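Student: A single structure is presented below for examination.
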Amino acid sequence: RWFPSLPCKVLRRQMHGLPLEIGDTVQILEKCEGSCCCFCVGIFPSSYIHLKNAHVKNKGQFETVIPTEDSVITEITMTLRDWGSMWKQHYMVNITHWDLFHRLWHVMNEILELRQQVLVGHLTHDRLSDIKQHITARLDWGNEQLGLDLVPRRDFGMVDPDEISITELYRLVGSHTFTLTLTYMHTHTHTHTFPLPMSHRTSLLCHPYSFSNLGEELEVFYSVYDSREMRPISERFFVRLNKQGLPKSPEKTERQCTLFVDLGSSDLRKDVYVVAHIFRIGRMVAGEKKSVSNTQYKRPYGCAVISVADLLTADFKDDHLLKIYSCNAESEWYQIHDSIIRKVSSRYSHIGLNVSLQLLHGDMEQIRKDYMRLFTRNVSITKRLGFSDIIIPGEIRNDLYVTLERGEFEKGGKSVARNVEVTVYLLGGDGQLLKGLVCCGSGEPGVDEHRSFVLYHSNSPRWAEQIKLPIPLEMFHGTHLRFELRHCSTKEKGEKKLFGFSFVPLMQDDGRPLPDGTHELIVHKCEETADLQDPARYLKLPFSKASLQPGNNQTIKNSKESFWIQSSLCSTKLTQNGDMLDLLKWRVHPERIIDCLSKLKDIDGTEIVKFLHDTLDTLFGILDESPQRYGLKVFDCLVHVINLLQDSKFQLFKPVMDNYIENHFAGALSYRDLIRVLKWYVDRIIDAEHQEQIQQVLKASEYLFKYIVQSRRLYAAATGGQNEEEFRCSVHELFKSIHLFLSHESKGISPITHTQAVFLRSFPTVCCELLKIFSMREVANLARDTLSSLPALTHTDCPLQAVKLQCMAKTVESPLYVNPESRCVLLPVVLRLLHTHLQEQRELVLCANILTSMLTLNTPVTVSLKGEFVACLLTLLQQLKDKEYQQLLSRFPTKEELTSFLLQLFTVFRILIRPDMFPKDWTKTKPEMVWESYFYLCIIFINQPCLQLEMFPPSKRKKVLEKYGDMRVMIGCEIFSMWQHLGDYKLNLIPTLIGPFMEVTLVPQLDLRNVLIPIFHDMMDCEQRRSGNFKQVEAKLIDKLDGLMSEGKGDETYRELFNNIIPLFGPYPSLLKKIERETWRESGVSHIATVTRLMERLLDYRDCMKIGEVDGKTMGCTVNLLNFYKTELNKEEMYIRYIHKLYELHLKAQNYTEASYTLLLYDELLEWTERPLREFLTYPMQSEWQRKECLHLTIIHNFDRGKCWENCIILCRELANQYEAYYDYRNLSKMRMMEASFYDKIMNQQRLEPEFFRVGFYGKKFPFFLRNKEFVCRGNDYERLEAFQQRMLSEFPHAIAMQHANLPDQTIHQADAQYLQIYAVSPVPENQDVLQRDGVPNNIKSFYKVNHIWRFRYDRPFHKGTKDKENEFKSLWVERTTLTLAQSLPGISRWFEVEKRELVITAPRTAHPPSKQTYKHKQRHYNLCMLNINPLTMCLNGVIDAAVNGGLARYQEAFFAKDYIANHPEDGEKITRLRELMFEQAHILEFGLAVHEKFVPQDMKPLHKKLVDQFHVMRSSLGIQVCVLLHI
């Protein structure tokens, strides 16, 4: 078969077209011209696919197609497809968090590039392995960041769970999780920092760029310096800079950067620094005249330092500009770096050194892989001085480091001190110069000679200048160093005059190299270079002050002059230790063998491992020489060497010893002496006072047995297997001694106990060595007898307990347990020990590990210390066959014992895991507790996160369904089947299981819901038959539903499905037959309808709360749910809970008035009694009186913040009455003062009158509580119609604003859209007495105008009949709509639904002319002493000079005409009333003009005159006699 993957998206709208997405896999059944026919669906263009080889697993309906490409490539394809969609979602949801978004983008691109490299197929095997490791590390990192599953792997590929045991899979997942972070961070070591293990190796990349232009050439030496020990810990890196401060040889890239290698984790601390010493090449004195001298000298210039610890900080940048410091005097140059570090007496030269520094973690092999670009340009390597923390076998070094320390010289007849320059030469045994072996530093090739820098006028110069001499081993013998001392003149000639020399041989007479340390060399006088041509002439002379014999210094012309050097040898081939040399040359002095063997333990371990091969040959050579005489000493030395390799510094030499044993060891007779001495030690364990030496012997038992086994094999090969029985007997005798000392039982913790533990730690490896010469069964018997000989310890604090189990764990993992024959021997001992520990609940972690290892060997599935036991238990259950299940169940003789066992088993599954396997045949009648546990077990299984397929990425969901199907549906069917077989036991499980079953049905799986929802029918029926109603079921369902849906469970589909239970009564005739009374059916339908309505409100509430914004929709939804709990369900506790949720919402939105009314609902449920109340929500345990008092005070506080002081006064009075009744005069006084303050606020503080708006929500896209309903909303402060409309449209961004006020028709009501109809309405106050009473201040009236409002009015003008173009008042009518609310505003919400709508059509003649506004302005401005007259001016002008509607003249023309009066005699009273109102308005206007005249400013006098004239014309038209205006 060929299975294509699609390179593009196909959208086919034809009837038989196949819609395909990129990456979809299709099976081609038939190919026609230009198109293909796909399996079971349709056709598509053949050009849209790419053919790939594949194979099919599980052929049939659920077959799985697996491409025959590399598994890593397949995983990349699947993973990136999942990442792509999640990456886009991350951008949309977390737009403020860019870090992960960008990092993921770079990682995805990197993976795609690596994938392309793998697909090309031109990589070497090692490179391919590295790239796959890199890819899997990136994939695992991305999966972890996105919360996807972490993939267990082997060799970079995903493991198949069907081909691996559960325990092994669990271990893989555990180890994978542990190492994931470190793996990714390891690949990003240059940008991430993390704690380093003690053995971690680090390198420092140093890349100098440039230096300030000094006009002279420079030499810069970089090194790593330890300020704690005041010594360098690395070689020097040497860079030459030209006069412009740039690298002198830019074409030689290896001279531009270096890698300081072998830095240990202990070197990454604050007192370790990178130091740069800078020397200039030029005249002796800077700025010296050119005529003085043209000779170039190397002179100190400055120094810079930076701490290595700074490179570990998170904000560290690679590039640095290092400050250059110079010393106050050249005599202090040798310690200038210390002065800078200690921040004393160094001058900053204001010149910088550009350098890049970067830490690279890992050994050299890893760095070469991760930073290949460095090595392609031949980066120089700067080694560590001496060996690193971990010595690498096979590393060859023979480097001698010489430091020119200081000198003491005489003036030599000069008036001033000398300018001394030292020239260093390396000469061979024949006196010839060895060329190219003097290294000033890495980065530059070796030279023939080295010239030191010159200190100006100093007879006691201190240089501290280091050089390296990488002398080959074959040249080392006979070589010597010569130091020529010259005075550098500053005169015109600038000559360098020789005045003396020193020398030092590099090999001593006894064959040892020059010892490390400081050497004071003799300065021999010499003024001619020719005198040094023949080294044989001066090599006979003494070279150091230490080599002079007392009284034999007459040959030295001047012994006052001295020259000091310091030497350090780092060699894997030469030793400076005399004891080591004596041991290796034991045949030269056989009488000193005992002494040499005794001194071996005092030799430094580095020297021993350097000569490990030679040392072992020496020891076994001495043993063969005289076993009886030297056997014990050689054995002790061998133990010392073996245990030396346990040190972390030398542990890498274990393979070297293994290689020696396999390929170089030749002691064919050594096994006899080794067994003899080992038995001698074991026999003395119990009686020995000191156990330290014996413990060292047993600690080395692994390698001792390796030597014994290899020695015996060599002997058998040489003799044809002679003395086999003798050897077996000696081994068995040795083990008898071991069994004897192991069986010794000590009281408490004794030294012998520790000795037993030491042996047990190495015993499994001893058994593995014995397998090379004994049969599997023989070794198994030895192991069984050894483990059985251990005492049965009862005290838990004994360390031998854990060691026994550790030994057992290693034994189970060894070949002994893998082999079936030997496993039969070991299994009883292992099980007995495990049984004891598990019973006593000791060392459970180790027991779990042992069980895991045991079961891994057998066969296959999932899953913590809990997981280990669960994995073991699942493996055991999976290996049991049906017959074995029956045998297990038949072992319980009584029904009670079987019940107890099943309960324990179910409890284990419920607590430890979400189970996925248990016997299917336990269908016999069981007690209620067993059934309850069984159902809980099934429910936990269905609800486990790893089965919620809806939460998986598409590729994972598809893979799980193809392989396993939806296991939730399978278990759901099992639940339904079991429930149907329970019979009368069902009654005992109602209502206990209602909540759990409800939780399962909320899982968004349609088939599962269809299977389990009918169980609720059965529960209702059972409860009806038992109690005559199903109130219990109803109450439990409602209580559980609120909690579950608040957790995010349930959806609209579930509501519809649950609501379909009503018609589902029909398809279930078995249930209908049981329902004999009609009332049962009616009550059932009513109950389901109630639950459905509750679901509607809960879904609306949850959807609103998801948004996280506090708006009118959220509050309205909460009010709707709150009222439902009170009116329909009568659930007081839930009602109170939602009261407080609404209260919190109001506080968050600063709706303090509404918050007070909300909390007042709870307050009204309480009485002034001493009834104790339990702790509830945020309320403590207290009496009912105390809680009501607390609520009153909180409500008063919020009413005060909302400026509803009238309501505060009412509550204050109520509280005051309570205080007075209890004679609590202190609180009574406070309450009266608070009440008085509210009166003051009413009179003195200004309150804004809010606007009110009618809002209609039309269309099916609105939530249930808003759909096709109209509300009146109380606006915010200063909010007008335009602002309110904008706010509502922002709350409902998909809504369409209707531009008219007419009621919409059914088309709008049923539309799949959202329509908003908004317009302003006027409140109709209820309390008219206060408003109409004279003398009541406006501050008081303003409250009653906008509070406690039930009715609102809206006037819509329209023309009835034909519109009169000359005078529109003739046909103008007003449609007055009065809206009555369900609750008054303000209340617990800022909006309430319209309960009643009244419509009245009014003729214009019945409306009052616009005179009241004028009166208001007249009143207000008169009272405020006319602070601002503009509003009154505008009002008067608008009434008197009406430019829009024509004013009163239009009314007169329309209604006072004789024709109209004659034609409408029924309007006579209305016309009379209209004329009276016009007269009244005229009097009000007259009074207003009088006020206006009194306060009008001078510049507005003309306008006032115009208004007076027009007013006279208007009065005349009304037939009113003109009178003199009142003067106020």
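Residue numbering restarts at 1 in every chain; chains get A, B, ... in the order shown in the structure tokens, and ligands count up from 1 in that same order.
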Per DSSP on the backbone, what are the alpha helix (DSSP H) residues of region 578-726 of chain A, as number ranges by chain?
Tutor: A: 578-584, 593-599, 605-610, 612-625, 627-644, 654-663, 670-683, 692-699, 701-719, 724-726
Student: Can you list, as a compact mmCIF listing (two decimals) with all heavy atoms, in the first residue's frame, every protein, DNA or RNA residue that comes within 7 Å of Val308 (chain A) when you count only C-alpha atoms, leaving out same-chain residues fewer than 4 positions away?
Tutor:
# COMPACT_ATOMS: atom_id res chain seq x y z
N LEU A 268 34.65 27.92 40.00
CA LEU A 268 33.62 28.91 39.64
C LEU A 268 33.16 29.62 40.90
O LEU A 268 32.06 29.42 41.39
CB LEU A 268 32.46 28.23 38.91
CG LEU A 268 32.84 27.44 37.67
CD1 LEU A 268 31.59 26.86 37.03
CD2 LEU A 268 33.60 28.29 36.68
N ARG A 269 34.01 30.47 41.43
CA ARG A 269 33.69 31.20 42.65
C ARG A 269 34.20 32.63 42.54
O ARG A 269 34.91 32.98 41.59
CB ARG A 269 34.28 30.50 43.87
CG ARG A 269 35.78 30.35 43.85
CD ARG A 269 36.29 29.66 45.11
NE ARG A 269 37.73 29.77 45.25
CZ ARG A 269 38.61 28.92 44.81
NH1 ARG A 269 38.18 27.83 44.18
NH2 ARG A 269 39.90 29.11 44.97
N LYS A 270 33.83 33.43 43.51
CA LYS A 270 34.10 34.87 43.41
C LYS A 270 35.58 35.21 43.44
O LYS A 270 36.00 36.23 42.88
CB LYS A 270 33.38 35.61 44.55
CG LYS A 270 31.87 35.65 44.39
CD LYS A 270 31.25 36.50 45.48
CE LYS A 270 29.73 36.58 45.28
NZ LYS A 270 29.09 37.40 46.31
N VAL A 272 38.09 33.70 42.09
CA VAL A 272 38.83 33.26 40.91
C VAL A 272 38.59 34.29 39.80
O VAL A 272 37.44 34.64 39.52
CB VAL A 272 38.40 31.85 40.46
CG1 VAL A 272 39.10 31.45 39.17
CG2 VAL A 272 38.71 30.83 41.55
N TYR A 273 39.67 34.75 39.18
CA TYR A 273 39.58 35.85 38.23
C TYR A 273 40.28 35.49 36.92
O TYR A 273 41.19 34.67 36.88
CB TYR A 273 40.26 37.11 38.80
CG TYR A 273 39.56 37.70 40.00
CD1 TYR A 273 39.78 37.18 41.28
CD2 TYR A 273 38.66 38.75 39.86
CE1 TYR A 273 39.13 37.71 42.39
CE2 TYR A 273 38.02 39.29 40.96
CZ TYR A 273 38.25 38.76 42.22
OH TYR A 273 37.61 39.29 43.31
N VAL A 274 39.83 36.15 35.86
CA VAL A 274 40.58 36.17 34.61
C VAL A 274 41.44 37.44 34.65
O VAL A 274 40.91 38.55 34.81
CB VAL A 274 39.64 36.18 33.39
CG1 VAL A 274 40.46 36.29 32.11
CG2 VAL A 274 38.80 34.93 33.36
Student: Using only C-alpha atoms, which residues sit within 9 Å of Leu1122 (chain A) once same-chain residues fewer than 4 positions away are excluded, as a ChimeraX atom specification?
Tutor: /A:1117-1118,1126-1127,1134-1139,1142
Student: Grab the residues selected above and save them as a PDB file, in the first residue's frame with N, CA, C and O atoms.
Tutor:
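Dumped to again-v5.pdb:
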ATOM      1  N   CYS A1117     -27.091  38.112  35.310  1.00  0.00           N
ATOM      2  CA  CYS A1117     -27.102  36.651  35.344  1.00  0.00           C
ATOM      3  C   CYS A1117     -27.124  36.138  36.787  1.00  0.00           C
ATOM      4  O   CYS A1117     -27.836  35.185  37.116  1.00  0.00           O
ATOM      5  N   THR A1118     -26.336  36.772  37.657  1.00  0.00           N
ATOM      6  CA  THR A1118     -26.299  36.377  39.066  1.00  0.00           C
ATOM      7  C   THR A1118     -27.651  36.633  39.735  1.00  0.00           C
ATOM      8  O   THR A1118     -28.129  35.814  40.527  1.00  0.00           O
ATOM      9  N   LYS A1126     -34.444  31.156  45.110  1.00  0.00           N
ATOM     10  CA  LYS A1126     -35.378  31.575  46.157  1.00  0.00           C
ATOM     11  C   LYS A1126     -36.824  31.214  45.808  1.00  0.00           C
ATOM     12  O   LYS A1126     -37.539  30.616  46.607  1.00  0.00           O
ATOM     13  N   THR A1127     -37.219  31.558  44.595  1.00  0.00           N
ATOM     14  CA  THR A1127     -38.635  31.427  44.245  1.00  0.00           C
ATOM     15  C   THR A1127     -39.016  30.016  43.818  1.00  0.00           C
ATOM     16  O   THR A1127     -40.063  29.498  44.215  1.00  0.00           O
ATOM     17  N   MET A1134     -28.125  28.176  49.159  1.00  0.00           N
ATOM     18  CA  MET A1134     -27.608  28.573  47.853  1.00  0.00           C
ATOM     19  C   MET A1134     -27.999  30.018  47.554  1.00  0.00           C
ATOM     20  O   MET A1134     -27.232  30.777  46.955  1.00  0.00           O
ATOM     21  N   TYR A1135     -29.224  30.394  47.971  1.00  0.00           N
ATOM     22  CA  TYR A1135     -29.701  31.763  47.794  1.00  0.00           C
ATOM     23  C   TYR A1135     -28.761  32.753  48.491  1.00  0.00           C
ATOM     24  O   TYR A1135     -28.342  33.763  47.906  1.00  0.00           O
ATOM     25  N   ILE A1136     -28.372  32.435  49.713  1.00  0.00           N
ATOM     26  CA  ILE A1136     -27.476  33.320  50.472  1.00  0.00           C
ATOM     27  C   ILE A1136     -26.086  33.365  49.833  1.00  0.00           C
ATOM     28  O   ILE A1136     -25.442  34.412  49.763  1.00  0.00           O
ATOM     29  N   ARG A1137     -25.619  32.228  49.355  1.00  0.00           N
ATOM     30  CA  ARG A1137     -24.300  32.195  48.697  1.00  0.00           C
ATOM     31  C   ARG A1137     -24.259  33.131  47.498  1.00  0.00           C
ATOM     32  O   ARG A1137     -23.302  33.892  47.302  1.00  0.00           O
ATOM     33  N   TYR A1138     -25.298  33.073  46.690  1.00  0.00           N
ATOM     34  CA  TYR A1138     -25.311  33.928  45.505  1.00  0.00           C
ATOM     35  C   TYR A1138     -25.595  35.387  45.857  1.00  0.00           C
ATOM     36  O   TYR A1138     -25.211  36.286  45.095  1.00  0.00           O
ATOM     37  N   ILE A1139     -26.252  35.652  46.994  1.00  0.00           N
ATOM     38  CA  ILE A1139     -26.379  37.033  47.471  1.00  0.00           C
ATOM     39  C   ILE A1139     -24.989  37.624  47.681  1.00  0.00           C
ATOM     40  O   ILE A1139     -24.690  38.747  47.249  1.00  0.00           O
ATOM     41  N   LEU A1142     -23.102  38.214  44.395  1.00  0.00           N
ATOM     42  CA  LEU A1142     -23.566  39.444  43.760  1.00  0.00           C
ATOM     43  C   LEU A1142     -23.039  40.672  44.506  1.00  0.00           C
ATOM     44  O   LEU A1142     -22.658  41.673  43.887  1.00  0.00           O
TER      45      LEU A1142
END
Student: Need to verify the contact set: region 697-702 of chain A, 7 Å, only C-alpha atoms, exclusion of same-chain residues closer than 5 positions in sequence. Can you return it as a list in words?
Tutor: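 Counting only the stated atoms, we get Val639, Ile642, Asn643, Val758, Phe759, Ser762, Thr765 and Val766 of chain A.
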Student: If you keep N, CA, C and O atoms, can you produce a file of those selected residues as a JSON list (two decimals), in the first residue's frame?
Tutor:
[["chain", "number", "residue", "atom", "x", "y", "z"],
["A", 639, "VAL", "N", 44.99, -3.88, 47.97],
["A", 639, "VAL", "CA", 43.74, -3.32, 48.50],
["A", 639, "VAL", "C", 43.78, -1.80, 48.47],
["A", 639, "VAL", "O", 42.80, -1.13, 48.11],
["A", 642, "ILE", "N", 43.32, -0.62, 44.87],
["A", 642, "ILE", "CA", 41.94, -0.82, 44.42],
["A", 642, "ILE", "C", 41.02, 0.24, 45.01],
["A", 642, "ILE", "O", 40.20, 0.85, 44.29],
["A", 643, "ASN", "N", 41.15, 0.48, 46.30],
["A", 643, "ASN", "CA", 40.26, 1.46, 46.96],
["A", 643, "ASN", "C", 40.60, 2.88, 46.54],
["A", 643, "ASN", "O", 39.75, 3.78, 46.64],
["A", 758, "VAL", "N", 29.49, -3.52, 54.50],
["A", 758, "VAL", "CA", 30.50, -3.28, 53.47],
["A", 758, "VAL", "C", 30.57, -4.46, 52.50],
["A", 758, "VAL", "O", 30.61, -4.29, 51.28],
["A", 759, "PHE", "N", 30.55, -5.67, 53.04],
["A", 759, "PHE", "CA", 30.63, -6.84, 52.16],
["A", 759, "PHE", "C", 29.38, -6.99, 51.30],
["A", 759, "PHE", "O", 29.45, -7.31, 50.12],
["A", 762, "SER", "N", 29.18, -5.11, 47.94],
["A", 762, "SER", "CA", 29.94, -5.60, 46.78],
["A", 762, "SER", "C", 29.62, -7.05, 46.43],
["A", 762, "SER", "O", 30.14, -7.57, 45.44],
["A", 765, "THR", "N", 28.37, -8.06, 42.74],
["A", 765, "THR", "CA", 29.41, -8.05, 41.70],
["A", 765, "THR", "C", 30.35, -9.23, 41.87],
["A", 765, "THR", "O", 30.90, -9.74, 40.88],
["A", 766, "VAL", "N", 30.55, -9.68, 43.11],
["A", 766, "VAL", "CA", 31.36, -10.88, 43.35],
["A", 766, "VAL", "C", 30.71, -12.09, 42.67],
["A", 766, "VAL", "O", 31.38, -12.91, 42.02]]
Student: Suppose you want the space between CA of Cys488 (chain A) and CA of Val420 (chain A); what is it in Å?
Tutor: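 Going from CA of Cys488 (chain A) over to CA of Val420 (chain A), I get 6.3 Å.
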Student: If DSSP is run on the backbone, what residues of region 1150-1327 of chain A are strand (DSSP E)? A reply as JSON, numbers by chain would be ideal.
Tutor: {"A": [1172, 1173, 1182, 1183, 1252, 1253, 1254, 1255, 1256, 1257, 1258, 1269, 1270, 1271, 1272, 1273, 1274, 1296, 1297, 1315, 1316, 1317, 1318, 1319, 1320, 1321, 1322, 1323, 1324]}
Student: Find the residue from A:Ala1297, A:Val1394, A:Ala536, A:Ile1195 that sits nearest to Leu1160 (chain A); use only C-alpha atoms when measuring.
Tutor: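 Closest residue, counting only C-alpha atoms: A:Ile1195.
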Student: So that I can see what lies close to region 1030-1044 of chain A, please list as a list in words the residues with an atom at most 7 Å from it, counting only C-alpha atoms and leaving out residues fewer than 6 positions away in the same chain.
Tutor: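 So the residues in contact are Pro991, Ile994, Gly995, Glu999, Met1020, Glu1023, Gln1024, His1087 and Val1091 of chain A.
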Student: Now that the selection is made, can you save its residues with C-alpha atoms as a PDB file, in the first residue's frame?
Tutor:
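Result saved to selection.pdb:
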ATOM      1  CA  PRO A 991     -29.122   9.063  47.040  1.00  0.00           C
ATOM      2  CA  ILE A 994     -26.624  10.451  42.562  1.00  0.00           C
ATOM      3  CA  GLY A 995     -23.744  12.929  42.823  1.00  0.00           C
ATOM      4  CA  GLU A 999     -20.456  13.876  37.618  1.00  0.00           C
ATOM      5  CA  MET A1020     -36.666   8.313  40.420  1.00  0.00           C
ATOM      6  CA  GLU A1023     -37.545   6.328  45.159  1.00  0.00           C
ATOM      7  CA  GLN A1024     -41.151   6.888  44.061  1.00  0.00           C
ATOM      8  CA  HIS A1087     -38.696  17.944  38.076  1.00  0.00           C
ATOM      9  CA  VAL A1091     -33.411  20.989  36.559  1.00  0.00           C
TER      10      VAL A1091
END
Student: Can you list, as a list in words, every protein, DNA or RNA residue that comes within 10 Å of Asp130 (chain A) when you count only C-alpha atoms, leaving out same-chain residues fewer than 5 positions away?
Tutor: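 My reading of the contact set: Thr124, His125, Ile135, Lys369 and Asp370 of chain A.
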Student: When you draw a straight line from CA of Ser1046 (chain A) to CA of Gly1112 (chain A), how long is it in Å?
Tutor: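 CA of Gly1112 (chain A) lies 19.9 Å from CA of Ser1046 (chain A).
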